[in-house]
$ cat data-v2.cif   # mmCIF, C-alpha atoms
data_final
#
loop_
_atom_site.label_atom_id
_atom_site.label_comp_id
_atom_site.auth_asym_id
_atom_site.auth_seq_id
_atom_site.Cartn_x
_atom_site.Cartn_y
_atom_site.Cartn_z
CA MET A 796 30.11 -74.88 33.87
CA SER A 797 33.76 -75.97 33.92
CA ALA A 798 35.93 -76.13 37.02
CA GLN A 799 38.08 -73.41 35.48
CA ALA A 800 35.08 -71.08 35.43
CA ASP A 801 34.65 -71.54 39.19
CA HIS A 802 37.84 -69.50 39.72
CA LEU A 803 36.59 -66.52 37.71
CA PRO A 804 35.32 -63.36 39.42
CA ARG A 805 31.62 -63.47 40.27
CA LYS A 806 30.56 -61.09 37.49
CA GLN A 807 32.34 -63.17 34.88
CA ARG A 808 30.77 -66.34 36.23
CA GLU A 809 27.35 -64.71 36.07
CA PHE A 810 28.04 -63.54 32.52
CA GLN A 811 29.04 -67.07 31.41
CA HIS A 812 26.05 -68.62 33.19
CA ARG A 813 23.68 -66.15 31.51
CA GLU A 814 25.28 -66.80 28.13
CA GLN A 815 24.81 -70.55 28.49
CA LEU A 816 21.19 -69.98 29.46
CA ILE A 817 20.65 -67.86 26.35
CA LEU A 818 22.28 -70.49 24.14
CA ASP A 819 20.31 -73.36 25.68
CA THR A 820 17.07 -71.42 25.29
CA ALA A 821 17.84 -70.55 21.67
CA GLN A 822 18.71 -74.20 21.02
CA ASN A 823 15.34 -75.34 22.34
CA MET A 824 13.53 -72.72 20.28
CA LEU A 825 15.36 -73.79 17.13
CA HIS A 826 14.44 -77.40 17.75
CA GLN A 827 10.79 -76.64 18.42
CA HIS A 828 10.01 -73.83 15.99
CA GLY A 829 12.85 -73.56 13.48
CA TYR A 830 15.23 -70.79 12.49
CA ALA A 831 12.62 -68.50 10.94
CA GLN A 832 10.73 -68.24 14.24
CA LEU A 833 13.83 -67.53 16.31
CA THR A 834 14.11 -63.87 17.33
CA MET A 835 16.09 -61.97 19.92
CA GLU A 836 12.81 -60.69 21.35
CA ARG A 837 11.46 -64.19 21.94
CA ILE A 838 14.73 -65.31 23.50
CA ALA A 839 14.75 -62.29 25.82
CA GLU A 840 11.18 -63.03 26.88
CA ALA A 841 11.96 -66.69 27.53
CA VAL A 842 15.06 -66.03 29.68
CA GLU A 843 13.43 -63.01 31.36
CA TYR A 844 16.20 -60.57 30.48
CA SER A 845 15.97 -57.40 28.42
CA LYS A 846 16.67 -57.54 24.70
CA GLY A 847 19.62 -55.23 25.37
CA THR A 848 21.11 -57.85 27.69
CA ILE A 849 20.84 -60.46 24.94
CA TYR A 850 22.68 -58.10 22.58
CA ASN A 851 25.43 -57.68 25.18
CA HIS A 852 26.21 -61.33 24.53
CA PHE A 853 25.43 -61.67 20.82
CA SER A 854 25.39 -58.90 18.24
CA SER A 855 22.78 -60.67 16.08
CA LYS A 856 20.62 -63.75 15.75
CA GLU A 857 23.13 -65.08 13.25
CA ASP A 858 26.01 -64.71 15.71
CA LEU A 859 23.96 -66.48 18.37
CA VAL A 860 23.27 -69.47 16.12
CA CYS A 861 26.93 -69.49 15.08
CA SER A 862 27.83 -69.72 18.77
CA LEU A 863 25.69 -72.85 18.98
CA CYS A 864 27.63 -74.21 16.02
CA CYS A 865 30.94 -73.37 17.71
CA ARG A 866 29.79 -75.12 20.88
CA CYS A 867 28.99 -78.21 18.81
CA VAL A 868 32.42 -78.23 17.14
CA SER A 869 34.13 -77.68 20.51
CA ASN A 870 32.32 -80.72 21.91
CA LEU A 871 33.38 -82.74 18.87
CA ILE A 872 37.00 -81.66 19.32
CA GLU A 873 36.90 -82.96 22.89
CA LEU A 874 35.67 -86.37 21.68
CA PHE A 875 38.13 -86.43 18.77
CA GLN A 876 41.01 -85.64 21.12
CA ARG A 877 39.98 -88.55 23.33
CA ALA A 878 40.18 -90.81 20.28
CA TYR A 879 43.46 -89.27 19.11
CA ASP A 880 45.10 -89.94 22.49
CA TYR A 881 44.02 -93.59 22.56
CA PRO A 882 47.10 -95.88 22.93
CA GLY A 883 46.38 -97.97 19.86
CA THR A 884 47.42 -98.19 16.21
CA THR A 885 46.87 -95.19 13.96
CA ARG A 886 44.03 -97.05 12.28
CA GLU A 887 42.34 -97.82 15.61
CA ARG A 888 42.66 -94.17 16.65
CA PHE A 889 41.20 -92.91 13.38
CA ALA A 890 38.39 -95.47 13.61
CA ALA A 891 37.73 -94.13 17.11
CA ILE A 892 37.35 -90.62 15.63
CA GLU A 893 34.74 -92.02 13.25
CA ILE A 894 32.87 -93.56 16.18
CA ALA A 895 33.09 -90.27 18.10
CA TYR A 896 31.56 -88.40 15.15
CA SER A 897 28.76 -90.92 14.77
CA LEU A 898 27.96 -91.08 18.49
CA TYR A 899 27.89 -87.32 18.88
CA HIS A 900 25.43 -86.87 16.04
CA GLN A 901 23.24 -89.71 17.27
CA LEU A 902 23.14 -88.13 20.73
CA ASN A 903 22.70 -84.60 19.38
CA PRO A 904 20.84 -85.04 16.07
CA LEU A 905 19.66 -81.44 15.85
CA ASP A 906 23.16 -79.98 16.25
CA ALA A 907 23.80 -80.96 12.64
CA GLN A 908 20.88 -78.73 11.66
CA ASN A 909 22.49 -75.78 13.47
CA ILE A 910 25.70 -76.35 11.51
CA GLN A 911 23.71 -76.52 8.28
CA ILE A 912 22.01 -73.23 9.08
CA VAL A 913 25.31 -71.44 9.66
CA LYS A 914 26.72 -72.80 6.41
CA THR A 915 24.03 -71.10 4.31
CA ASN A 916 25.08 -67.88 2.57
CA ALA A 917 22.07 -66.01 3.96
CA VAL A 918 23.36 -66.53 7.52
CA ARG A 919 27.11 -66.64 6.91
CA GLU A 920 27.20 -63.23 5.21
CA LYS A 921 25.59 -61.63 8.29
CA LEU A 922 28.08 -63.03 10.80
CA SER A 923 30.40 -60.64 12.58
CA GLU A 924 34.07 -60.96 11.64
CA GLU A 925 34.89 -62.03 15.18
CA LYS A 926 32.35 -64.86 15.18
CA LEU A 927 33.37 -65.97 11.70
CA GLN A 928 37.01 -66.17 12.80
CA GLU A 929 36.03 -68.14 15.91
CA MET A 930 34.15 -70.69 13.82
CA ASN A 931 36.92 -70.94 11.23
CA ALA A 932 39.53 -71.46 13.96
CA LEU A 933 37.54 -74.33 15.50
CA GLU A 934 36.96 -75.96 12.12
CA HIS A 935 40.67 -75.69 11.39
CA GLU A 936 41.50 -77.24 14.77
CA ILE A 937 39.27 -80.26 14.24
CA THR A 938 40.37 -80.93 10.66
CA GLN A 939 44.05 -80.43 11.59
CA LEU A 940 43.73 -82.97 14.39
CA CYS A 941 42.50 -85.53 11.85
CA MET A 942 45.18 -84.64 9.30
CA ASN A 943 47.90 -84.87 11.95
CA LEU A 944 46.84 -88.44 12.67
CA VAL A 945 46.78 -89.38 8.98
CA ASN A 946 50.22 -87.83 8.47
CA GLU A 947 51.44 -89.83 11.46
CA ALA A 948 50.06 -92.99 9.81
CA ILE A 949 51.77 -92.15 6.52
CA ALA A 950 55.09 -91.44 8.24
CA ALA A 951 54.85 -94.73 10.17
CA GLY A 952 54.18 -96.68 6.99
CA ASP A 953 50.69 -97.69 8.14
CA ILE A 954 49.18 -96.18 4.98
CA SER A 955 50.38 -97.34 1.59
CA THR A 956 52.50 -94.73 -0.16
CA SER A 957 52.38 -96.45 -3.55
CA GLU A 958 49.36 -94.37 -4.64
CA ASN A 959 50.71 -91.06 -3.30
CA HIS A 960 47.83 -90.68 -0.84
CA THR A 961 47.86 -87.35 1.02
CA ALA A 962 46.30 -86.42 4.34
CA ASP A 963 43.94 -83.83 2.84
CA THR A 964 42.40 -86.26 0.32
CA ILE A 965 42.04 -89.00 2.94
CA VAL A 966 40.46 -86.77 5.59
CA TYR A 967 38.13 -85.17 3.05
CA GLY A 968 37.06 -88.62 1.83
CA PHE A 969 36.10 -89.78 5.33
CA TRP A 970 34.51 -86.44 6.23
CA SER A 971 32.32 -86.58 3.12
CA MET A 972 31.25 -90.15 3.85
CA LEU A 973 30.50 -89.59 7.54
CA TYR A 974 28.83 -86.21 7.08
CA GLY A 975 26.61 -87.47 4.28
CA GLY A 976 25.93 -90.75 6.03
CA MET A 977 24.79 -89.11 9.26
CA LEU A 978 22.59 -86.60 7.41
CA LEU A 979 20.89 -89.48 5.61
CA ALA A 980 20.53 -91.51 8.81
CA GLN A 981 18.85 -88.57 10.55
CA SER A 982 16.66 -87.51 7.64
CA ASP A 983 13.02 -88.41 7.06
CA ILE A 984 14.02 -90.76 4.25
CA PRO A 985 12.67 -94.25 5.15
CA LEU A 986 16.06 -95.96 4.93
CA GLU A 987 14.85 -99.21 6.53
CA GLU A 988 11.95 -99.49 4.08
CA LEU A 989 14.42 -98.92 1.24
CA GLY A 990 16.58 -101.76 2.50
CA PHE A 991 19.34 -99.79 4.25
CA SER A 992 19.36 -101.14 7.79
CA PRO A 993 20.96 -100.62 10.17
CA ALA A 994 22.33 -97.46 8.54
CA ILE A 995 24.97 -96.80 11.22
CA THR A 996 26.40 -100.30 10.85
CA ILE A 997 26.52 -99.91 7.07
CA LEU A 998 28.36 -96.61 7.53
CA TRP A 999 30.91 -98.23 9.87
CA ASN A 1000 31.54 -101.10 7.44
CA ASN A 1001 31.96 -98.69 4.54
CA THR A 1002 34.51 -96.58 6.40
CA GLN A 1003 36.46 -99.76 7.19
CA ARG A 1004 36.48 -100.65 3.49
CA LEU A 1005 37.63 -97.16 2.62
CA MET A 1006 40.53 -97.52 5.05
CA ASP A 1007 41.39 -100.79 3.33
CA ALA A 1008 41.33 -99.00 -0.03
CA TYR A 1009 43.99 -96.63 1.28
CA GLY A 1010 46.04 -99.64 2.39
CA TRP A 1011 45.75 -98.57 6.02
CA GLU A 1012 47.17 -101.36 8.17
CA PRO A 1013 46.02 -103.53 9.78
CA LEU A 1014 43.48 -104.28 7.04
CA SER A 1015 39.98 -105.30 8.07
CA THR A 1016 40.52 -108.64 6.29
CA ASN A 1017 43.02 -109.45 9.03
CA THR A 1018 40.99 -108.13 11.96
CA ASP A 1019 37.50 -108.38 13.43
CA SER A 1020 35.87 -105.00 12.69
CA ASP A 1021 32.87 -105.74 14.92
CA ALA A 1022 35.14 -106.60 17.83
CA LEU A 1023 37.16 -103.42 17.18
CA PHE A 1024 34.01 -101.32 17.28
CA THR A 1025 32.99 -102.88 20.60
CA LYS A 1026 36.50 -102.47 22.05
CA LEU A 1027 36.77 -98.78 21.12
CA CYS A 1028 33.29 -97.98 22.37
CA SER A 1029 34.02 -99.68 25.69
CA ALA A 1030 37.45 -98.09 26.12
CA LEU A 1031 36.61 -94.55 25.05
CA PHE A 1032 32.89 -93.88 24.84
CA ALA A 1033 31.16 -96.04 27.46
CA GLU A 1034 29.26 -93.06 28.88
CA GLU A 1035 28.08 -91.88 25.45
CA VAL A 1036 27.00 -95.39 24.43
CA CYS A 1037 25.09 -95.75 27.71
CA ARG A 1038 23.28 -92.45 27.11
CA LEU A 1039 22.44 -93.48 23.57
CA THR A 1040 21.13 -96.88 24.70
CA GLN A 1041 19.04 -95.29 27.44
CA GLY A 1042 17.60 -92.82 24.95
CA GLU A 1043 16.70 -95.57 22.49
CA ASN A 1044 15.06 -97.62 25.24
CA HIS A 1045 13.13 -94.57 26.40
CA HIS A 1046 11.85 -93.79 22.90
CA GLY A 1047 11.20 -97.44 22.28
#
$ encode --input "data-v2.cif" --output "structure tokens"
Amino acid sequence: MSAQADHLPRKQREFQHREQLILDTAQNMLHQHGYAQLTMERIAEAVEYSKGTIYNHFSSKEDLVCSLCCRCVSNLIELFQRAYDYPGTTRERFAAIEIAYSLYHQLNPLDAQNIQIVKTNAVREKLSEEKLQEMNALEHEITQLCMNLVNEAIAAGDISTSENHTADTIVYGFWSMLYGGMLLAQSDIPLEELGFSPAITILWNNTQRLMDAYGWEPLSTNTDSDALFTKLCSALFAEEVCRLTQGENHHG
């Protein structure tokens, strides 16, 4: 719980604590048994509260899963903001956002599944208007942060203006590449057996080439992309890289 929450009245602190417990329990159930097996009854039994108490927090199973999605996007925004505030070139800062996205999904591989669930029409059409607006606001915040940085790069002359590149096309291009790349990397497709290894490194190199295609200075032909990756990870995401390395060693 955040330091800010410590200053809330006791009942509000208890409410937030209970809500986090419900979300964490639902997350574990989703990971172990899948969306179809997730019910408000099973969550209530697991957290040892009445079903009515669960409904005091979430009006439906769909809203609960959407809250997990919102929590994921909020965590991503925090990492993206860290990258955005980095005192480097616009290209370095945008590259840091790419690393943040990749690291988060490697550390939280099943969060992507939660997002996928909420994107389906069967779930989305059952969301309350309030929860839908919350999710839309967070998605707008994270995409706007990226577009602000690209617009800053365009205004500074870091991105070539000869091809009339716009922030929306650039951000959508990177989003598509990273989103698809991480889904493939975390799928059951035997990428290594098919000759795509290591997938994360290939994804990083491809994003660097895409930045070059947009004429985003300094071009990778004039810099050491591997050294940049190491520098940004060390400066911004040392804790996340350490957790990822520890997890890989543990599973290994």
$ residues_around --input "data-v2.cif" --residues "Pro904 of chain A" --least-positions-apart "3" --cutoff "10 Å" --atoms "only C-alpha atoms" --output "CSV table (one decimal) with C-alpha atoms, keeping the file's coordinate frame"
chain,number,residue,atom,x,y,z
A,897,SER,CA,28.8,-90.9,14.8
A,898,LEU,CA,28.0,-91.1,18.5
A,899,TYR,CA,27.9,-87.3,18.9
A,900,HIS,CA,25.4,-86.9,16.0
A,901,GLN,CA,23.2,-89.7,17.3
A,907,ALA,CA,23.8,-81.0,12.6
A,908,GLN,CA,20.9,-78.7,11.7
A,909,ASN,CA,22.5,-75.8,13.5
A,977,MET,CA,24.8,-89.1,9.3
A,978,LEU,CA,22.6,-86.6,7.4
A,980,ALA,CA,20.5,-91.5,8.8
A,981,GLN,CA,18.8,-88.6,10.6
A,982,SER,CA,16.7,-87.5,7.6
$ closest_residue --input "data-v2.cif" --among "A:Leu1027, A:Val860, A:Met942, A:Leu1005" --to "Gln911 of chain A" --atoms "all atoms listed in the file"
A:Val860
$ closest_atom_pairs --input "data-v2.cif" --of "segment 830-875 of chain A" --to "segment 808-823 of chain A" --cutoff "10 Å" --atoms "all atoms listed in the file" --output "Markdown table"
| residue | atom | partner | partner_atom | distance |
| --- | --- | --- | --- | --- |
| A:Tyr830 | CA | A:Ala821 | CA | 9.5 |
| A:Leu833 | CA | A:Ala821 | CA | 7.3 |
| A:Thr834 | CA | A:Ala821 | CA | 8.8 |
| A:Met835 | CA | A:Ala821 | CA | 8.9 |
| A:Arg837 | CA | A:Ala821 | CA | 9.0 |
| A:Ile838 | CA | A:Ala821 | CA | 6.4 |
| A:Ala839 | CA | A:Ile817 | CA | 8.1 |
| A:Ala841 | CA | A:Thr820 | CA | 7.3 |
| A:Val842 | CA | A:Ile817 | CA | 6.8 |
| A:Tyr844 | CA | A:Arg813 | CA | 9.4 |
| A:Thr848 | CA | A:Arg813 | CA | 9.5 |
| A:Ile849 | CA | A:Ile817 | CA | 7.5 |
| A:Asn851 | CA | A:Glu814 | CA | 9.6 |
| A:His852 | CA | A:Glu814 | CA | 6.6 |
| A:Phe853 | CA | A:Glu814 | CA | 8.9 |
| A:Lys856 | CA | A:Ala821 | CA | 9.4 |
| A:Leu859 | CA | A:Leu818 | CA | 7.2 |
| A:Val860 | CA | A:Ala821 | CA | 7.8 |
| A:Ser862 | CA | A:Leu818 | CA | 7.8 |
| A:Leu863 | CA | A:Leu818 | CA | 6.6 |
| A:Arg866 | CA | A:Leu818 | CA | 9.4 |
$ resolve_selection --input "data-v2.cif" --expression "the PyMOL selection byres ((chain A and resi 960) around 12)" --output "PDB file with C-alpha atoms, in the coordinates of the input"
ATOM      1  CA  VAL A 945      46.780 -89.380   8.980  1.00  0.00           C
ATOM      2  CA  ASN A 946      50.220 -87.830   8.470  1.00  0.00           C
ATOM      3  CA  ALA A 948      50.060 -92.990   9.810  1.00  0.00           C
ATOM      4  CA  ILE A 949      51.770 -92.150   6.520  1.00  0.00           C
ATOM      5  CA  ALA A 950      55.090 -91.440   8.240  1.00  0.00           C
ATOM      6  CA  GLY A 952      54.180 -96.680   6.990  1.00  0.00           C
ATOM      7  CA  ASP A 953      50.690 -97.690   8.140  1.00  0.00           C
ATOM      8  CA  ILE A 954      49.180 -96.180   4.980  1.00  0.00           C
ATOM      9  CA  SER A 955      50.380 -97.340   1.590  1.00  0.00           C
ATOM     10  CA  THR A 956      52.500 -94.730  -0.160  1.00  0.00           C
ATOM     11  CA  SER A 957      52.380 -96.450  -3.550  1.00  0.00           C
ATOM     12  CA  GLU A 958      49.360 -94.370  -4.640  1.00  0.00           C
ATOM     13  CA  ASN A 959      50.710 -91.060  -3.300  1.00  0.00           C
ATOM     14  CA  THR A 961      47.860 -87.350   1.020  1.00  0.00           C
ATOM     15  CA  ALA A 962      46.300 -86.420   4.340  1.00  0.00           C
ATOM     16  CA  ASP A 963      43.940 -83.830   2.840  1.00  0.00           C
ATOM     17  CA  THR A 964      42.400 -86.260   0.320  1.00  0.00           C
ATOM     18  CA  ILE A 965      42.040 -89.000   2.940  1.00  0.00           C
ATOM     19  CA  VAL A 966      40.460 -86.770   5.590  1.00  0.00           C
ATOM     20  CA  TYR A 967      38.130 -85.170   3.050  1.00  0.00           C
ATOM     21  CA  GLY A 968      37.060 -88.620   1.830  1.00  0.00           C
ATOM     22  CA  MET A1006      40.530 -97.520   5.050  1.00  0.00           C
ATOM     23  CA  ALA A1008      41.330 -99.000  -0.030  1.00  0.00           C
ATOM     24  CA  TYR A1009      43.990 -96.630   1.280  1.00  0.00           C
ATOM     25  CA  GLY A1010      46.040 -99.640   2.390  1.00  0.00           C
ATOM     26  CA  TRP A1011      45.750 -98.570   6.020  1.00  0.00           C
TER      27      TRP A1011
END
$ residues_around --input "data-v2.cif" --residues "Leu874 of chain A" --least-positions-apart "5" --cutoff "9 Å" --atoms "all atoms listed in the file" --output "PyMOL selection string"
chain A and resi 869+879+892+895-896+899+1031-1032
$ atom_distance --input "data-v2.cif" --atom1 "atom CA of Tyr850 of chain A" --atom2 "atom CA of Gln832 of chain A"
17.8 Å
$ resolve_selection --input "data-v2.cif" --expression "the PyMOL selection byres ((chain A and resi 865) around 12)" --output "number ranges by chain"
A: 818, 858-864, 866-872, 906-907, 909-910, 913, 926-937
$ closest_residue --input "data-v2.cif" --among "A:Arg919, A:Arg805, A:Arg886, A:His828" --to "Asp1007 of chain A" --atoms "all atoms listed in the file"
A:Arg886
$ closest_residue --input "data-v2.cif" --among "A:Ala890, A:Ala878, A:Ala1033, A:Leu803" --to "Ser1020 of chain A" --atoms "only C-alpha atoms"
A:Ala890
$ atom_distance --input "data-v2.cif" --atom1 "atom CA of Val918 of chain A" --atom2 "atom CA of Gly829 of chain A"
14.0 Å
$ closest_residue --input "data-v2.cif" --among "A:Ser845, A:Gln876, A:Ser923, A:Asn1000" --to "Gln939 of chain A" --atoms "only C-alpha atoms"
A:Gln876
$ atom_distance --input "data-v2.cif" --atom1 "atom CA of His826 of chain A" --atom2 "atom CA of Leu905 of chain A"
6.9 Å
$ resolve_selection --input "data-v2.cif" --expression "the PyMOL selection byres ((chain A and resi 994) around 12)" --output "VMD selection string"
chain A and resid 897 901 973 975 to 982 984 to 993 995 to 1001
$ decode --input "data-v2.cif" --residues "segment 856-893 of chain A" --atoms "C-alpha atoms" --output "tab-separated table (two decimals), in the first residue's frame"
chain	number	residue	atom	x	y	z
A	856	LYS	CA	-16.63	-10.44	-12.51
A	857	GLU	CA	-15.96	-8.42	-15.64
A	858	ASP	CA	-15.38	-5.23	-13.64
A	859	LEU	CA	-13.04	-7.11	-11.33
A	860	VAL	CA	-10.90	-8.39	-14.21
A	861	CYS	CA	-10.95	-4.91	-15.75
A	862	SER	CA	-9.58	-3.59	-12.46
A	863	LEU	CA	-6.68	-6.02	-12.84
A	864	CYS	CA	-6.14	-4.62	-16.32
A	865	CYS	CA	-6.21	-1.05	-14.98
A	866	ARG	CA	-3.67	-1.98	-12.31
A	867	CYS	CA	-1.41	-3.35	-15.04
A	868	VAL	CA	-1.66	-0.19	-17.14
A	869	SER	CA	-1.07	1.98	-14.05
A	870	ASN	CA	2.13	0.05	-13.33
A	871	LEU	CA	3.21	0.49	-16.94
A	872	ILE	CA	2.56	4.23	-16.75
A	873	GLU	CA	4.86	4.44	-13.73
A	874	LEU	CA	7.65	2.71	-15.67
A	875	PHE	CA	7.01	4.77	-18.81
A	876	GLN	CA	7.15	7.99	-16.80
A	877	ARG	CA	10.51	6.94	-15.39
A	878	ALA	CA	11.77	6.51	-18.95
A	879	TYR	CA	10.16	9.77	-20.11
A	880	ASP	CA	11.92	11.73	-17.36
A	881	TYR	CA	15.35	10.28	-18.18
A	882	PRO	CA	17.84	13.12	-18.95
A	883	GLY	CA	18.86	11.80	-22.35
A	884	THR	CA	18.05	12.34	-26.02
A	885	THR	CA	14.48	11.85	-27.20
A	886	ARG	CA	15.57	8.63	-28.89
A	887	GLU	CA	17.18	7.31	-25.71
A	888	ARG	CA	14.04	8.14	-23.72
A	889	PHE	CA	11.76	6.42	-26.24
A	890	ALA	CA	14.09	3.41	-26.33
A	891	ALA	CA	13.81	3.34	-22.53
A	892	ILE	CA	10.01	3.16	-22.86
A	893	GLU	CA	10.46	0.14	-25.13
